file work.cif (mmCIF, N, CA and C atoms)
data_work
#
loop_
_atom_site.group_PDB
_atom_site.id
_atom_site.type_symbol
_atom_site.label_atom_id
_atom_site.label_comp_id
_atom_site.auth_asym_id
_atom_site.auth_seq_id
_atom_site.Cartn_x
_atom_site.Cartn_y
_atom_site.Cartn_z
ATOM 1 N N MET A 20 -54.575 58.045 -32.859
ATOM 2 C CA MET A 20 -54.321 59.435 -33.178
ATOM 3 C C MET A 20 -52.962 59.585 -33.846
ATOM 4 N N ASP A 21 -51.991 58.796 -33.451
ATOM 5 C CA ASP A 21 -50.668 58.886 -34.062
ATOM 6 C C ASP A 21 -50.731 58.493 -35.535
ATOM 7 N N SER A 22 -51.547 57.501 -35.870
ATOM 8 C CA SER A 22 -51.613 57.077 -37.268
ATOM 9 C C SER A 22 -52.220 58.170 -38.144
ATOM 10 N N LEU A 23 -53.202 58.897 -37.627
ATOM 11 C CA LEU A 23 -53.799 59.992 -38.378
ATOM 12 C C LEU A 23 -52.764 61.080 -38.629
ATOM 13 N N LYS A 24 -51.949 61.347 -37.633
ATOM 14 C CA LYS A 24 -50.902 62.355 -37.783
ATOM 15 C C LYS A 24 -49.904 61.939 -38.853
ATOM 16 N N LYS A 25 -49.571 60.659 -38.898
ATOM 17 C CA LYS A 25 -48.638 60.174 -39.908
ATOM 18 C C LYS A 25 -49.241 60.285 -41.306
ATOM 19 N N ILE A 26 -50.516 60.039 -41.424
ATOM 20 C CA ILE A 26 -51.175 60.152 -42.727
ATOM 21 C C ILE A 26 -51.149 61.598 -43.212
ATOM 22 N N LYS A 27 -51.429 62.530 -42.311
ATOM 23 C CA LYS A 27 -51.458 63.937 -42.685
ATOM 24 C C LYS A 27 -50.091 64.454 -43.087
ATOM 25 N N THR A 28 -49.039 63.947 -42.480
ATOM 26 C CA THR A 28 -47.712 64.477 -42.731
ATOM 27 C C THR A 28 -46.918 63.643 -43.741
ATOM 28 N N ARG A 29 -47.554 62.657 -44.335
ATOM 29 C CA ARG A 29 -46.845 61.828 -45.304
ATOM 30 C C ARG A 29 -46.507 62.665 -46.530
ATOM 31 N N LYS A 30 -45.272 62.567 -46.998
ATOM 32 C CA LYS A 30 -44.844 63.338 -48.147
ATOM 33 C C LYS A 30 -45.096 62.551 -49.422
ATOM 34 N N VAL A 31 -45.477 63.273 -50.448
ATOM 35 C CA VAL A 31 -45.744 62.658 -51.740
ATOM 36 C C VAL A 31 -44.663 63.119 -52.704
ATOM 37 N N LYS A 32 -44.070 62.196 -53.410
ATOM 38 C CA LYS A 32 -43.027 62.537 -54.372
ATOM 39 C C LYS A 32 -43.599 62.494 -55.786
ATOM 40 N N ASN A 33 -43.193 63.440 -56.576
ATOM 41 C CA ASN A 33 -43.549 63.501 -57.996
ATOM 42 C C ASN A 33 -45.057 63.477 -58.229
ATOM 43 N N LEU A 34 -45.772 64.252 -57.465
ATOM 44 C CA LEU A 34 -47.209 64.338 -57.674
ATOM 45 C C LEU A 34 -47.475 64.966 -59.040
ATOM 46 N N PHE A 35 -46.801 66.065 -59.325
ATOM 47 C CA PHE A 35 -46.825 66.673 -60.653
ATOM 48 C C PHE A 35 -45.384 66.786 -61.096
ATOM 49 N N SER A 36 -45.101 66.286 -62.265
ATOM 50 C CA SER A 36 -43.715 66.206 -62.679
ATOM 51 C C SER A 36 -43.201 67.512 -63.276
ATOM 52 N N THR A 37 -44.082 68.322 -63.855
ATOM 53 C CA THR A 37 -43.605 69.536 -64.500
ATOM 54 C C THR A 37 -44.455 70.731 -64.107
ATOM 55 N N LYS A 38 -43.913 71.894 -64.347
ATOM 56 C CA LYS A 38 -44.660 73.121 -64.083
ATOM 57 C C LYS A 38 -45.838 73.236 -65.045
ATOM 58 N N GLU A 39 -45.683 72.695 -66.259
ATOM 59 C CA GLU A 39 -46.762 72.733 -67.241
ATOM 60 C C GLU A 39 -47.965 71.925 -66.749
ATOM 61 N N ALA A 40 -47.701 70.783 -66.109
ATOM 62 C CA ALA A 40 -48.792 69.953 -65.579
ATOM 63 C C ALA A 40 -49.551 70.704 -64.492
ATOM 64 N N VAL A 41 -48.832 71.413 -63.647
ATOM 65 C CA VAL A 41 -49.457 72.197 -62.590
ATOM 66 C C VAL A 41 -50.273 73.331 -63.197
ATOM 67 N N ALA A 42 -49.715 73.994 -64.194
ATOM 68 C CA ALA A 42 -50.422 75.102 -64.846
ATOM 69 C C ALA A 42 -51.681 74.602 -65.538
ATOM 70 N N ASN A 43 -51.599 73.454 -66.205
ATOM 71 C CA ASN A 43 -52.773 72.895 -66.871
ATOM 72 C C ASN A 43 -53.849 72.513 -65.865
ATOM 73 N N LEU A 44 -53.451 71.924 -64.762
ATOM 74 C CA LEU A 44 -54.401 71.550 -63.729
ATOM 75 C C LEU A 44 -55.074 72.786 -63.141
ATOM 76 N N ARG A 45 -54.290 73.807 -62.862
ATOM 77 C CA ARG A 45 -54.849 75.038 -62.299
ATOM 78 C C ARG A 45 -55.843 75.675 -63.269
ATOM 79 N N ALA A 46 -55.498 75.725 -64.545
ATOM 80 C CA ALA A 46 -56.399 76.304 -65.546
ATOM 81 C C ALA A 46 -57.688 75.495 -65.635
ATOM 82 N N SER A 47 -57.555 74.187 -65.589
ATOM 83 C CA SER A 47 -58.728 73.319 -65.644
ATOM 84 C C SER A 47 -59.632 73.543 -64.433
ATOM 85 N N LEU A 48 -59.051 73.624 -63.262
ATOM 86 C CA LEU A 48 -59.832 73.856 -62.049
ATOM 87 C C LEU A 48 -60.519 75.214 -62.071
ATOM 88 N N GLU A 49 -59.809 76.232 -62.547
ATOM 89 C CA GLU A 49 -60.409 77.558 -62.634
ATOM 90 C C GLU A 49 -61.591 77.562 -63.598
ATOM 91 N N GLN A 50 -61.434 76.870 -64.725
ATOM 92 C CA GLN A 50 -62.510 76.806 -65.710
ATOM 93 C C GLN A 50 -63.721 76.068 -65.144
ATOM 94 N N ARG A 51 -63.485 74.950 -64.482
ATOM 95 C CA ARG A 51 -64.603 74.196 -63.898
ATOM 96 C C ARG A 51 -65.285 74.986 -62.789
ATOM 97 N N THR A 52 -64.500 75.704 -61.993
ATOM 98 C CA THR A 52 -65.066 76.516 -60.917
ATOM 99 C C THR A 52 -65.925 77.637 -61.489
ATOM 100 N N GLU A 53 -65.425 78.278 -62.543
ATOM 101 C CA GLU A 53 -66.176 79.355 -63.175
ATOM 102 C C GLU A 53 -67.500 78.836 -63.741
ATOM 103 N N GLN A 54 -67.460 77.679 -64.389
ATOM 104 C CA GLN A 54 -68.675 77.106 -64.960
ATOM 105 C C GLN A 54 -69.658 76.703 -63.860
ATOM 106 N N ALA A 55 -69.152 76.121 -62.791
ATOM 107 C CA ALA A 55 -70.013 75.718 -61.681
ATOM 108 C C ALA A 55 -70.674 76.943 -61.046
ATOM 109 N N PHE A 56 -69.935 78.043 -60.917
ATOM 110 C CA PHE A 56 -70.509 79.257 -60.347
ATOM 111 C C PHE A 56 -71.603 79.818 -61.252
ATOM 112 N N LYS A 57 -71.366 79.796 -62.567
ATOM 113 C CA LYS A 57 -72.376 80.277 -63.508
ATOM 114 C C LYS A 57 -73.643 79.429 -63.413
ATOM 115 N N ASP A 58 -73.467 78.116 -63.343
ATOM 116 C CA ASP A 58 -74.627 77.226 -63.213
ATOM 117 C C ASP A 58 -75.389 77.497 -61.913
ATOM 118 N N PHE A 59 -74.656 77.700 -60.834
ATOM 119 C CA PHE A 59 -75.266 78.001 -59.547
ATOM 120 C C PHE A 59 -76.037 79.314 -59.608
ATOM 121 N N ALA A 60 -75.445 80.335 -60.225
ATOM 122 C CA ALA A 60 -76.101 81.638 -60.318
ATOM 123 C C ALA A 60 -77.387 81.534 -61.139
ATOM 124 N N LYS A 61 -77.351 80.774 -62.226
ATOM 125 C CA LYS A 61 -78.548 80.589 -63.047
ATOM 126 C C LYS A 61 -79.642 79.877 -62.255
ATOM 127 N N ALA A 62 -79.276 78.842 -61.530
ATOM 128 C CA ALA A 62 -80.250 78.086 -60.741
ATOM 129 C C ALA A 62 -80.856 78.967 -59.644
ATOM 130 N N LYS A 63 -80.019 79.765 -59.006
ATOM 131 C CA LYS A 63 -80.505 80.647 -57.943
ATOM 132 C C LYS A 63 -81.464 81.693 -58.523
ATOM 133 N N GLN A 64 -81.113 82.259 -59.666
ATOM 134 C CA GLN A 64 -81.964 83.245 -60.316
ATOM 135 C C GLN A 64 -83.305 82.628 -60.692
ATOM 136 N N LYS A 65 -83.271 81.417 -61.218
ATOM 137 C CA LYS A 65 -84.508 80.743 -61.608
ATOM 138 C C LYS A 65 -85.387 80.474 -60.389
ATOM 139 N N ALA A 66 -84.777 80.054 -59.296
ATOM 140 C CA ALA A 66 -85.530 79.794 -58.067
ATOM 141 C C ALA A 66 -86.168 81.077 -57.555
ATOM 142 N N GLN A 67 -85.444 82.180 -57.614
ATOM 143 C CA GLN A 67 -85.993 83.455 -57.163
ATOM 144 C C GLN A 67 -87.152 83.891 -58.055
ATOM 145 N N GLU A 68 -86.994 83.700 -59.368
ATOM 146 C CA GLU A 68 -88.071 84.068 -60.287
ATOM 147 C C GLU A 68 -89.318 83.223 -60.037
ATOM 148 N N MET A 69 -89.128 81.934 -59.790
ATOM 149 C CA MET A 69 -90.270 81.055 -59.532
ATOM 150 C C MET A 69 -90.958 81.448 -58.211
ATOM 151 N N ALA A 70 -90.184 81.773 -57.201
ATOM 152 C CA ALA A 70 -90.749 82.179 -55.915
ATOM 153 C C ALA A 70 -91.514 83.493 -56.068
ATOM 154 N N HIS A 71 -90.965 84.399 -56.826
ATOM 155 C CA HIS A 71 -91.631 85.680 -57.056
ATOM 156 C C HIS A 71 -92.940 85.475 -57.818
ATOM 157 N N GLN A 72 -92.897 84.629 -58.829
ATOM 158 C CA GLN A 72 -94.091 84.347 -59.612
ATOM 159 C C GLN A 72 -95.172 83.697 -58.742
ATOM 160 N N LYS A 73 -94.768 82.783 -57.881
ATOM 161 C CA LYS A 73 -95.705 82.114 -56.989
ATOM 162 C C LYS A 73 -96.310 83.121 -56.009
ATOM 163 N N TYR A 74 -95.502 84.066 -55.573
ATOM 164 C CA TYR A 74 -95.976 85.098 -54.661
ATOM 165 C C TYR A 74 -97.024 85.978 -55.328
ATOM 166 N N LEU A 75 -96.828 86.279 -56.617
ATOM 167 C CA LEU A 75 -97.759 87.134 -57.346
ATOM 168 C C LEU A 75 -99.089 86.423 -57.639
ATOM 169 N N ASP A 76 -99.031 85.103 -57.764
ATOM 170 C CA ASP A 76 -100.261 84.350 -58.066
ATOM 171 C C ASP A 76 -101.112 84.213 -56.878
#

call {"tool": "encode", "arguments": {"input": "work.cif", "output": "structure tokens"}}
result
Amino acid sequence: MDSLKKIKTRKVKNLFSTKEAVANLRASLEQRTEQAFKDFAKAKQKAQEMAHQKYLD
């Protein structure tokens, strides 16, 4: 248990060297998240349409 605690509290130096790198990473993550949500919404809509169509048949 002590080793797990040490892993969790280990400090990382220079993970991102500049504010620009952090901003670019954040923008990239936001864009990927937005695209993933759109894909999920489309898939969910398609599944609902297929279920509705099957119900009508």

call {"tool": "atom_distance", "arguments": {"input": "work.cif", "atom1": "atom C of A:Gln67", "atom2": "atom C of A:Leu48"}}
result
28.3 Å

call {"tool": "atom_distance", "arguments": {"input": "work.cif", "atom1": "atom C of A:Lys73", "atom2": "atom CA of A:Ala55"}}
result
27.9 Å

call {"tool": "atom_distance", "arguments": {"input": "work.cif", "atom1": "atom C of A:His71", "atom2": "atom C of A:Phe56"}}
result
22.3 Å

call {"tool": "axis_aligned_box", "arguments": {"input": "work.cif", "around": "stretch 57-73 of chain A", "padding_each_side": "3 Å", "output": "JSON"}}
result
{"center_x": -83.8, "center_y": 81.5, "center_z": -59.7, "size_x": 30.9, "size_y": 14.5, "size_z": 13.6}
